[in-house]
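Since the structure comes first, as structure tokens, the remarks are kept for the end.
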Amino acid sequence: MRRRMLGAFLPLVLVAATAVPPPAAADPPPPVSALAKSLRGTGSPAEHGATANWVIGYEDHATTTGAATITDAVGAGQAFQSGSLHVPPGWTPQWSTDGSTFTGTEPASGVTAVRATNPDAGPVATQLSGALTPPVQAVTTATGGDGFSPILYRTPGGVLQAWNIYHHLGAANPKVVCTDLGTGQRCPGGPWPKVLNTAPGPLGTLGAGDIASTMVEQYVRDPAAPAKVYYPAVTATSVGVGCLDLAAGANCGYSALAAVGGSPPVSSITGLVESGGNVYGVISSGAVVCWTIATQSACGGQPYAPIVPAANQPYVYGALTLVAGKVFASTSNPGTAQQPSLGCFDPATATACAGWASSRSTGPAGNYNYNSYTAFGTSGAPVGACATTTGGTDVTTCYALDGSALAAPPGPAALSGGVYAFPPEVVTDPGGHVRTYLPVWNGGIAGAALCHDWTTGAACAGLPALITHPSANGGATRDYGYSYDPPSGCLIGLGDAGVLFSMDPATGATPCVRSGGQVTLKPSDFSCDGGSHVQGYTAARLTGVDPANVDFAASRVTVTDQDGAVVPTPGFAPDGSVDLTGVSVAAHQSITVTTTLVLHSAAGFTGSLVVGYAGDAPQLCFRTTIAADCAVSSVANTATGTDSTGSFTSNTVTLPVAPGASCTPKVEVEKEICTSATAAKCGPGGTGPWAKQAGVGLLGLLFATAYWRITVTNEGPVGITSAQVVDSVEPSCQTGPFTLAAGQSRQVYCSTYALLSLFPITNQAKVSYVPVNVPPGTPPSHTNWSSAKACSLLCVL
């Protein structure tokens, strides 16, 4: 019955099956990012105490940008080597001493895990981006005034910051401020302002401030570390050079150059300028002080002889400027009959310049000044120095390098009485003209700039004689100084009113309706295994930018290489991209792409500059030291990661560790014969006694049988394997293979029968063995022979 029912239904089942279409194939899941772990430059097996170079390659399979994290715990049997962590550009390194809590500052010791994070990892891992600076609107600073000139710093992410140190403030006063020019807000890490300290350490963490600021502040950037700024500083006992680390937001030390007091009295310092790797300033006694950047120490023989008259004032009323390697300094003595003056110092001789045995007057007695500035010839070469002094009648005076008189720029020379003038900013315009922008205020001026074109010897074309800033604080800016930002092509100004503002150097407009970005890309920084991973540069492009808002005809892009040489490249395409495929990586190991964008509108501007190359996945590397402990027979590492694709784990790399000289086992063998007449005492565990030689006649009592004991001892420090006892006479004594740990012994018992002989029988044994953890195929080692003697009728012949 059952067979009939099955047969009856079978045709129906088949018809139904052919009528239903097969299910559609499911889309494959998107790939998860991957980590590839490897070792570089470490032989296998390694020795105890050797260095293991761990490499982690990150293959980003994400389709969108997002945060990514790579973590690697230092495996057992190894210790992290300080300073060895390398992460690709755009990634932030972190360290941990407990495997769970990570910090951005490497601990002095005890690192158990490392990590790299990237907030904007994405499908193209071989590129860097930098923020494009929005047009800078007027920003009121934190303390409302006396900000003096801004110090610009562009973070690795492209954020443009303006730092400033308020001038002529006492040591305890907070005086350093950081402002994010993209947002107009204070930088992270506030509250601002913060005090300055002589001791190195993060701003605001070292207690009361102990550095006072000077009247005229001029700054020197460290050529090897541009984030470090050297500034003139005064303490309770000395004057010298202070250090401010903009990248770390920290004090980075202070070097005293002259003691406070004495005769003529030392009370303050002005400057600084840099020439030939040295930083120079002038103190209130008129003497020149000097400090070497490379050694972070005072120059030999300084302070040098005065080049300007001493001024018994709380501050130095003057400034420095550099002219063809020579240091020019101005000084004045307000309220006295002393004339303001200008002197020249030659770093090559550490004395006054030729033709400058005495200083030159720059104005009538009673006038004072806050500036000195370089005069240029029509070719753009520096030819001398000028000073604009303030008094009932403002006077501008210029001198050539040889001390002869030069014509003063007409704009400064026409200033009315009572106008203050401060150290200017020098900018070379796109046409190659050298321009000086002199900040002025007071005497009826609420804040303005004077622009002089040295190439034409006249006021700058296309600019008003007095460039005011009516859209910044109603024009009441009381200008102290400007700093030029090459990527945007804008001047960033600051003054006594405590207002940060931008100015277009070509039009004088405030705000400066321009944007700029700068990205330095060195493809080799993305890898760390020493291999070749780069195919070529690809492109630079603007992201988050409306091309219709950019005047590409007026904008420009510049590409320079590691030597500062300009690399020819096409200009902007209509979409804002720049083709870099023609740039040779071999000839230009790194490139810096700088964009200066002229915008149609400043409203709502955001965007980034992205520069990329084609190549392999970026790498994270670090080094460990393999423990000297002989018990360590291998070390291993595995990395883990997360990004927008999920979590992933690398392959595990295990490195065998072979015993070095200090881990070679010491194996001893001892061959003995039983001297007891009772055979039961001569077997395993028998009490013997055991000796190196059996007495005459003993074998006769034992029916001519010799009982042997062979003791193998591993005195350490590591174990042995494949151990074999080799016996020269008795095959039954040969035993093995066996293993023997460090500190262990093994005894082998055997016997030889029918030894009745007139002559003695000497038997010897040795052991062959292989130390643990040696490479496969390593030939065995051998102990020395150990012998024992069996005597029959005679023992000594």
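Labeling convention for the structure tokens: chains A, B, ... as they appear, residues from 1 per chain, ligands from 1 in order of appearance.
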*stretch 263-465 of chain A: residues DSSP assigns to strand (DSSP E), reported as a ChimeraX atom specification*: /A:269-275,278-283,288-292,297-298,320-323,326-331,341-346,351-352,360-361,373-376,382-389,395-400,405-406,420-421,425-428,434-442,445-453,458-459
*Any idea what's packed within 6 Å of A:Ala400, counting only C-alpha atoms, ignoring anything in its chain fewer than 6 positions away? Could you give it as JSON, numbers by chain?*
{"A": [383, 384, 406]}
Could you save the residues just selected, with C-alpha atoms, as an mmCIF file, in the first residue's frame?
data_model
loop_
_atom_site.group_PDB
_atom_site.id
_atom_site.type_symbol
_atom_site.label_atom_id
_atom_site.label_comp_id
_atom_site.auth_asym_id
_atom_site.auth_seq_id
_atom_site.Cartn_x
_atom_site.Cartn_y
_atom_site.Cartn_z
ATOM 1 C CA VAL A 383 70.469 96.965 1.517
ATOM 2 C CA GLY A 384 70.064 98.495 4.969
ATOM 3 C CA LEU A 406 69.320 105.858 2.611
#
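Interatomic distance, atom CA of A:Thr675 against atom CA of A:Thr711: 16.4 Å.
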*Pick from A:Glu715, A:Asp563, A:Asp245, A:Glu47 nearest to A:Gly201, counting only C-alpha atoms*: A:Asp245
*For stretch 543-552 of chain A: contacts at 10 Å, only C-alpha atoms, fewer than 6 positions along chain excluded, given as a ChimeraX atom specification*: /A:129,131-132,514-515,571-577,596-603,605-610
Atoms to include: C-alpha atoms. Write the selected residues as a JSON list (two decimals), in the first residue's frame.
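Output below, filename selection11.json:
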[["chain", "number", "residue", "atom", "x", "y", "z"],
["A", 129, "SER", "CA", 44.40, 65.60, 4.06],
["A", 131, "ALA", "CA", 41.97, 71.50, 6.47],
["A", 132, "LEU", "CA", 41.50, 74.51, 4.22],
["A", 514, "ARG", "CA", 40.87, 83.65, 0.56],
["A", 515, "SER", "CA", 41.51, 80.14, 1.72],
["A", 571, "GLY", "CA", 47.34, 73.86, -12.49],
["A", 572, "PHE", "CA", 43.84, 73.35, -11.15],
["A", 573, "ALA", "CA", 41.39, 71.39, -13.27],
["A", 574, "PRO", "CA", 37.83, 72.79, -13.32],
["A", 575, "ASP", "CA", 36.87, 70.43, -10.51],
["A", 576, "GLY", "CA", 39.70, 71.66, -8.27],
["A", 577, "SER", "CA", 41.99, 68.66, -8.74],
["A", 596, "THR", "CA", 46.02, 79.55, -2.30],
["A", 597, "LEU", "CA", 42.37, 79.97, -3.18],
["A", 598, "VAL", "CA", 40.73, 83.26, -4.09],
["A", 599, "LEU", "CA", 37.06, 82.94, -3.20],
["A", 600, "HIS", "CA", 33.99, 84.71, -4.49],
["A", 601, "SER", "CA", 32.33, 84.52, -1.09],
["A", 602, "ALA", "CA", 33.47, 83.87, 2.49],
["A", 603, "ALA", "CA", 30.08, 82.61, 3.64],
["A", 605, "PHE", "CA", 33.26, 77.97, 3.57],
["A", 606, "THR", "CA", 34.59, 74.54, 4.58],
["A", 607, "GLY", "CA", 36.81, 72.01, 2.91],
["A", 608, "SER", "CA", 40.05, 70.07, 2.82],
["A", 609, "LEU", "CA", 43.07, 69.55, 0.60],
["A", 610, "VAL", "CA", 43.79, 65.86, -0.07]]
*Which value, in Å to one decimal, gives the distance between atom CA of A:Pro264 and atom CA of A:Ser285?*
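Result for atom CA of A:Pro264 versus atom CA of A:Ser285: 5.5 Å, one decimal.
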